[in-house]
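Written out below as structure tokens is the structure these notes cover.
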Amino acid sequence: MDTLAPAQGKRNTKPTRAEAHGLGARIVGAFGRQFLAQLDDGSTVACVPRGRRADVVCGDRVILTPGHPPLAIAQVQPRRNALWREDPWRSKMFAANLDRVLLVTATYPGIQHGLIGRALVAADAADIPVTLLLNKCDLPQADAARAEMALYRDLGYEVVELSVHADPKAALQALAPVLDGRTSLLLGASGVGKSSLTNLLVPQAQAPTREISTALSAGKHTTTATRLYDLPGFAPGSALMDSPGFQSFGLHHLSVSQLQHGFVELRRRIGQCRFQNCTHRDEPGCVFTTDPHAITPARLALYRTLYAELTSAPAR
Ligand SMILES: Nc1nc2c(ncn2[C@@H]2O[C@H](COP(=O)(O)OP(=O)(O)OP(=O)(O)O)[C@@H](O)[C@H]2O)c(=O)[nH]1
Ligand SMILES: [Mg+2]
Ligand SMILES: [Zn+2]
């Protein structure tokens, strides 16, 4: 990436070359090292990052240098926020400049609480509010799944139940107040219905869903690129991102205090452990052991797993 100075703090100096002659745009498609950008007039162009590192994600505001297609991304504007995952072997940024994460789960094939818990911590660390969606409520597993999702309601998260297939009208109605005026990211495991929901909300998206990839016998993940769509029929500025399903969600980039802040159960009970510097693993007088209602055994196990992951990470 070029080191053209960011626009911030440059008011009294001459604009950079890119600012003077470049095109302002928003990244609306991320396909590996290839990107799709939307210019301010609404048209879209293909572009590639300058230099070797592709530190560009969907939702980024960028400056493109004019020239022959594909255009070059000369500069990424400072981000309002960015959602990350970081495994020991690689880090991955999902998207940037988000107002909300829609964490999608489905009654079938089942709710992956480990992934949900991890995504909740990551979104909290990035200061992005989360709404949980429970899709496929038309299936017989709905009652059991609903009961499992009560855990998150009790923690204070909004949970919206829907069935994209069986009752699209009700799904639209339930989601309208969540989506209106915001940029939202659909995040969740593969097959929960993110692209089906995208197609319901943005009919012109024509995002491939599993039926199509099964017919073409493609891989496990139907969606392979992150895309950002303006939401038709919603307030100006409403936008939706569809992303590939994820199977792992490492949090190696976070600190222990970010981890602790990401657990509502702990946030609610700050200062209630015997020791001020309690790590909430197995210290005497820890609120997690003295109060059996403080946290569910599964969430406590997840907290301990994450604590061990974070503290065993090699120094960077
Ligand atoms: N029964 C039922 N099936 C649904 C519903 N919504 C989506 N599906 C099905 O779930 C499967 C997966 O849907 P997709 O939209 O491709 O899922 P995705 O989350 O985008 O998956 P990836 O792109 O792989 O991450 C498809 O066969 C959909 O038809 C629903 O409300 N009810
Ligand atoms: Mg998809
Ligand atoms: Zn404690």
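Simple scheme: letters A, B, ... for chains in structure tokens order, numbers from 1 for residues in each chain, numbers from 1 for ligands in the order shown.
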
- [ ] Kindly provide, as number ranges by chain, all nucleotide and amino acid residues lying within 9 Å of ligand 3, counting only C-alpha atoms and all ligand atoms.
- [x] A: 266, 269-289

Next, dump the selected residues to file, keeping only C-alpha atoms, as a CSV table (one decimal), in the first residue's frame.
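The resulting file, part-v3.csv, is shown below:
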```csv
chain,number,residue,atom,x,y,z
A,266,LEU,CA,-18.8,-10.2,34.0
A,269,ARG,CA,-20.8,-8.2,38.3
A,270,ILE,CA,-17.6,-6.0,38.2
A,271,GLY,CA,-16.2,-5.7,41.7
A,272,GLN,CA,-18.1,-8.7,43.2
A,273,CYS,CA,-15.2,-11.1,43.3
A,274,ARG,CA,-13.1,-11.4,46.4
A,275,PHE,CA,-9.9,-10.3,44.7
A,276,GLN,CA,-9.9,-7.2,42.6
A,277,ASN,CA,-7.6,-8.7,40.0
A,278,CYS,CA,-9.6,-12.0,39.8
A,279,THR,CA,-9.2,-13.7,36.4
A,280,HIS,CA,-12.4,-15.6,37.0
A,281,ARG,CA,-10.9,-19.0,36.3
A,282,ASP,CA,-10.6,-20.8,39.7
A,283,GLU,CA,-9.8,-18.2,42.3
A,284,PRO,CA,-11.5,-18.5,45.7
A,285,GLY,CA,-14.4,-16.1,46.2
A,286,CYS,CA,-14.9,-15.6,42.4
A,287,VAL,CA,-18.5,-14.6,41.6
A,288,PHE,CA,-18.5,-17.3,38.9
A,289,THR,CA,-18.1,-20.0,41.6
```

Open item on the list: Give me, as a PyMOL selection string, all polymer residues having an atom no more than 10 Å from region 87-101 of chain A, counting only C-alpha atoms and skipping those fewer than 4 positions away in the same chain.
Closed with: chain A and resi 27+30+55-61+78-83+119-120+123+126-132+178-179+181-188+226-228+238-241+243-244+248-253+309+313-314

6 Å shell around ligand 2 using only C-alpha atoms and all ligand atoms, listed as a PDB file with C-alpha atoms, in the first residue's frame:
```
ATOM      1  CA  LYS A 194     -27.424 -15.123   5.107  1.00  0.00           C
ATOM      2  CA  SER A 195     -27.586 -14.995   1.318  1.00  0.00           C
ATOM      3  CA  THR A 209     -27.590 -19.749  -2.133  1.00  0.00           C
ATOM      4  CA  THR A 222     -21.748 -20.999  -0.975  1.00  0.00           C
ATOM      5  CA  THR A 223     -20.722 -17.376  -0.572  1.00  0.00           C
ATOM      6  CA  PRO A 244     -18.972 -15.991   3.613  1.00  0.00           C
TER       7      PRO A 244
END
```

What residues in region 27-270 of chain A get the DSSP label strand (DSSP E)? Please answer as a tab-separated table (two decimals) with N, CA and C atoms, in the first residue's frame.
```tsv
chain	number	residue	atom	x	y	z
A	27	ILE	N	-15.71	0.57	-0.92
A	27	ILE	CA	-15.54	-0.82	-1.35
A	27	ILE	C	-16.85	-1.58	-1.10
A	28	VAL	N	-17.40	-2.14	-2.17
A	28	VAL	CA	-18.68	-2.86	-2.05
A	28	VAL	C	-18.54	-4.34	-2.41
A	29	GLY	N	-17.33	-4.77	-2.75
A	29	GLY	CA	-17.12	-6.19	-3.03
A	29	GLY	C	-15.66	-6.54	-2.79
A	30	ALA	N	-15.42	-7.62	-2.05
A	30	ALA	CA	-14.04	-8.04	-1.76
A	30	ALA	C	-13.89	-9.48	-2.20
A	31	PHE	N	-13.09	-9.70	-3.24
A	31	PHE	CA	-12.89	-11.04	-3.82
A	31	PHE	C	-11.40	-11.35	-3.75
A	34	GLN	N	-9.00	-8.84	-5.41
A	34	GLN	CA	-9.74	-8.00	-6.34
A	34	GLN	C	-10.90	-7.34	-5.58
A	35	PHE	N	-11.16	-6.10	-5.92
A	35	PHE	CA	-12.24	-5.39	-5.22
A	35	PHE	C	-13.17	-4.70	-6.21
A	36	LEU	N	-14.37	-4.45	-5.72
A	36	LEU	CA	-15.34	-3.69	-6.49
A	36	LEU	C	-15.63	-2.44	-5.67
A	37	ALA	N	-15.53	-1.27	-6.30
A	37	ALA	CA	-15.76	-0.01	-5.57
A	37	ALA	C	-16.92	0.74	-6.21
A	38	GLN	N	-17.69	1.41	-5.34
A	38	GLN	CA	-18.79	2.22	-5.83
A	38	GLN	C	-18.36	3.68	-5.75
A	39	LEU	N	-18.43	4.36	-6.87
A	39	LEU	CA	-18.06	5.77	-6.92
A	39	LEU	C	-19.22	6.61	-6.37
A	44	THR	N	-20.11	1.41	-10.41
A	44	THR	CA	-19.10	0.56	-9.77
A	44	THR	C	-17.94	0.28	-10.73
A	45	VAL	N	-16.75	0.15	-10.14
A	45	VAL	CA	-15.55	-0.12	-10.93
A	45	VAL	C	-14.71	-1.18	-10.23
A	46	ALA	N	-13.98	-1.95	-11.02
A	46	ALA	CA	-13.04	-2.93	-10.44
A	46	ALA	C	-11.78	-2.20	-10.02
A	47	CYS	N	-11.16	-2.67	-8.92
A	47	CYS	CA	-9.91	-2.04	-8.49
A	47	CYS	C	-9.05	-3.06	-7.73
A	48	VAL	N	-7.78	-2.75	-7.62
A	48	VAL	CA	-6.84	-3.62	-6.90
A	48	VAL	C	-5.97	-2.75	-6.00
A	49	PRO	N	-5.54	-3.30	-4.86
A	49	PRO	CA	-4.68	-2.50	-3.99
A	49	PRO	C	-3.33	-2.27	-4.64
A	61	ARG	N	-13.79	3.21	2.93
A	61	ARG	CA	-13.78	4.38	2.06
A	61	ARG	C	-12.37	4.47	1.50
A	62	VAL	N	-12.25	4.62	0.21
A	62	VAL	CA	-10.92	4.60	-0.41
A	62	VAL	C	-10.78	5.75	-1.41
A	63	ILE	N	-9.53	5.99	-1.81
A	63	ILE	CA	-9.27	6.90	-2.91
A	63	ILE	C	-8.62	6.09	-4.01
A	64	LEU	N	-9.21	6.16	-5.19
A	64	LEU	CA	-8.70	5.40	-6.34
A	64	LEU	C	-7.93	6.35	-7.23
A	65	THR	N	-6.84	5.86	-7.77
A	65	THR	CA	-6.12	6.70	-8.73
A	65	THR	C	-6.68	6.42	-10.12
A	71	LEU	N	-8.60	0.06	-11.65
A	71	LEU	CA	-8.02	1.21	-10.97
A	71	LEU	C	-7.24	0.74	-9.74
A	72	ALA	N	-6.31	1.59	-9.29
A	72	ALA	CA	-5.53	1.22	-8.10
A	72	ALA	C	-6.11	1.91	-6.87
A	73	ILE	N	-6.14	1.17	-5.75
A	73	ILE	CA	-6.57	1.76	-4.48
A	73	ILE	C	-5.34	2.44	-3.89
A	74	ALA	N	-5.35	3.77	-3.93
A	74	ALA	CA	-4.17	4.52	-3.49
A	74	ALA	C	-4.16	4.71	-1.99
A	75	GLN	N	-5.33	4.72	-1.40
A	75	GLN	CA	-5.40	5.07	0.02
A	75	GLN	C	-6.70	4.55	0.63
A	76	VAL	N	-6.59	4.03	1.85
A	76	VAL	CA	-7.78	3.64	2.61
A	76	VAL	C	-7.99	4.72	3.67
A	82	ALA	N	-13.70	-1.75	12.72
A	82	ALA	CA	-13.48	-2.92	11.84
A	82	ALA	C	-13.67	-4.16	12.68
A	83	LEU	N	-14.26	-5.17	12.07
A	83	LEU	CA	-14.49	-6.42	12.79
A	83	LEU	C	-13.43	-7.44	12.35
A	84	TRP	N	-12.75	-8.02	13.33
A	84	TRP	CA	-11.62	-8.91	13.09
A	84	TRP	C	-11.84	-10.29	13.64
A	85	ARG	N	-11.17	-11.25	13.05
A	85	ARG	CA	-10.91	-12.50	13.76
A	85	ARG	C	-9.43	-12.76	13.57
A	86	GLU	N	-8.83	-13.43	14.54
A	86	GLU	CA	-7.41	-13.70	14.40
A	86	GLU	C	-7.08	-15.07	14.96
A	91	SER	N	-4.80	-13.77	10.20
A	91	SER	CA	-5.82	-12.86	10.70
A	91	SER	C	-6.72	-12.48	9.54
A	92	LYS	N	-7.95	-12.15	9.88
A	92	LYS	CA	-8.90	-11.83	8.82
A	92	LYS	C	-9.83	-10.74	9.30
A	93	MET	N	-9.93	-9.69	8.53
A	93	MET	CA	-10.86	-8.64	8.85
A	93	MET	C	-12.12	-8.91	8.05
A	94	PHE	N	-13.26	-8.90	8.71
A	94	PHE	CA	-14.50	-9.18	8.00
A	94	PHE	C	-14.96	-7.97	7.19
A	95	ALA	N	-15.02	-6.83	7.86
A	95	ALA	CA	-15.60	-5.65	7.22
A	95	ALA	C	-15.30	-4.43	8.08
A	96	ALA	N	-15.52	-3.24	7.50
A	96	ALA	CA	-15.23	-2.00	8.23
A	96	ALA	C	-16.39	-1.03	8.13
A	100	ARG	N	-23.88	-2.10	12.74
A	100	ARG	CA	-24.48	-3.23	13.46
A	100	ARG	C	-24.03	-4.55	12.85
A	101	VAL	N	-23.87	-5.54	13.72
A	101	VAL	CA	-23.63	-6.91	13.26
A	101	VAL	C	-24.93	-7.68	13.45
A	102	LEU	N	-25.39	-8.32	12.39
A	102	LEU	CA	-26.53	-9.24	12.49
A	102	LEU	C	-25.94	-10.63	12.54
A	103	LEU	N	-25.93	-11.20	13.74
A	103	LEU	CA	-25.31	-12.51	13.94
A	103	LEU	C	-26.38	-13.56	13.66
A	104	VAL	N	-26.21	-14.27	12.55
A	104	VAL	CA	-27.28	-15.14	12.07
A	104	VAL	C	-27.06	-16.57	12.56
A	105	THR	N	-28.11	-17.15	13.14
A	105	THR	CA	-28.11	-18.56	13.55
A	105	THR	C	-29.35	-19.19	12.92
A	106	ALA	N	-29.42	-20.51	12.96
A	106	ALA	CA	-30.58	-21.18	12.37
A	106	ALA	C	-30.97	-22.37	13.22
A	130	VAL	N	-24.77	-5.69	18.42
A	130	VAL	CA	-25.15	-6.95	17.76
A	130	VAL	C	-26.65	-7.21	17.94
A	131	THR	N	-27.28	-7.66	16.87
A	131	THR	CA	-28.62	-8.25	16.96
A	131	THR	C	-28.50	-9.69	16.50
A	132	LEU	N	-29.07	-10.62	17.26
A	132	LEU	CA	-29.02	-12.03	16.87
A	132	LEU	C	-30.27	-12.37	16.06
A	133	LEU	N	-30.08	-13.10	14.98
A	133	LEU	CA	-31.22	-13.57	14.19
A	133	LEU	C	-31.30	-15.08	14.30
A	134	LEU	N	-32.51	-15.57	14.53
A	134	LEU	CA	-32.73	-17.02	14.51
A	134	LEU	C	-33.57	-17.32	13.28
A	135	ASN	N	-32.97	-17.88	12.25
A	135	ASN	CA	-33.65	-18.15	10.99
A	135	ASN	C	-34.16	-19.60	10.95
A	158	GLU	N	-30.80	-8.37	21.63
A	158	GLU	CA	-32.04	-8.48	20.88
A	158	GLU	C	-31.96	-9.74	20.01
A	159	VAL	N	-33.00	-10.58	20.08
A	159	VAL	CA	-33.04	-11.78	19.24
A	159	VAL	C	-34.28	-11.69	18.35
A	160	VAL	N	-34.08	-11.74	17.05
A	160	VAL	CA	-35.21	-11.66	16.10
A	160	VAL	C	-35.40	-13.04	15.47
A	161	GLU	N	-36.61	-13.57	15.62
A	161	GLU	CA	-36.92	-14.88	15.02
A	161	GLU	C	-37.54	-14.66	13.65
A	183	THR	N	-25.67	0.63	8.35
A	183	THR	CA	-24.91	-0.37	7.59
A	183	THR	C	-24.77	-1.59	8.48
A	184	SER	N	-25.35	-2.72	8.04
A	184	SER	CA	-25.37	-3.94	8.86
A	184	SER	C	-24.62	-5.05	8.15
A	185	LEU	N	-23.91	-5.84	8.94
A	185	LEU	CA	-23.17	-6.99	8.40
A	185	LEU	C	-23.86	-8.29	8.81
A	186	LEU	N	-24.16	-9.15	7.84
A	186	LEU	CA	-24.67	-10.49	8.13
A	186	LEU	C	-23.47	-11.39	8.38
A	187	LEU	N	-23.42	-11.95	9.59
A	187	LEU	CA	-22.29	-12.77	9.97
A	187	LEU	C	-22.82	-14.07	10.55
A	188	GLY	N	-22.22	-15.20	10.21
A	188	GLY	CA	-22.70	-16.45	10.79
A	188	GLY	C	-22.09	-17.65	10.10
A	226	THR	N	-17.33	-11.06	0.19
A	226	THR	CA	-18.17	-10.17	0.98
A	226	THR	C	-18.69	-9.07	0.05
A	227	ARG	N	-19.99	-8.81	0.11
A	227	ARG	CA	-20.59	-7.80	-0.77
A	227	ARG	C	-21.43	-6.83	0.07
A	228	LEU	N	-21.43	-5.60	-0.36
A	228	LEU	CA	-22.20	-4.55	0.32
A	228	LEU	C	-23.27	-4.02	-0.64
A	229	TYR	N	-24.51	-4.03	-0.20
A	229	TYR	CA	-25.63	-3.59	-1.05
A	229	TYR	C	-26.37	-2.45	-0.36
A	230	ASP	N	-26.78	-1.47	-1.16
A	230	ASP	CA	-27.72	-0.47	-0.63
A	230	ASP	C	-29.07	-1.15	-0.48
A	239	ALA	N	-27.72	-0.01	4.42
A	239	ALA	CA	-26.94	-0.92	3.57
A	239	ALA	C	-26.75	-2.25	4.29
A	240	LEU	N	-26.55	-3.29	3.51
A	240	LEU	CA	-26.43	-4.64	4.06
A	240	LEU	C	-25.23	-5.35	3.45
A	241	MET	N	-24.45	-6.01	4.30
A	241	MET	CA	-23.31	-6.78	3.81
A	241	MET	C	-23.58	-8.26	4.00
A	242	ASP	N	-23.35	-9.04	2.95
A	242	ASP	CA	-23.42	-10.50	3.03
A	242	ASP	C	-21.97	-11.00	3.05
```

Task: Proximity to ligand 1 - best of A:Ala294, A:Val264, A:Ala176, A:Val164, only C-alpha atoms and all ligand atoms - done: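 Smallest separation from ligand 1 among the options: A:Val164.
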
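Shortest separation to Gln141 (chain A) among A:Tyr108, A:Ala170, A:Phe234, A:Leu155 occurs at residue A:Tyr108, atoms counted being only C-alpha atoms.
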
Task: Residue with smallest distance to ligand 1 - pool A:Gly191, A:Gly262, A:Gly24, A:Pro203, counting only C-alpha atoms and all ligand atoms - done: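 Among the listed residues, the smallest separation from ligand 1 belongs to A:Gly191.
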
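Nearest residue to ligand 1, choosing from A:Pro177, A:Gly233, A:Pro297, A:Pro168 and counting only C-alpha atoms and all ligand atoms: A:Pro168.
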
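Remark: for Asp124 (chain A), the closest of the candidate residues A:Leu254, A:Ala150, A:Ala301, A:Ala25 is A:Leu254 (distances computed over only C-alpha atoms).
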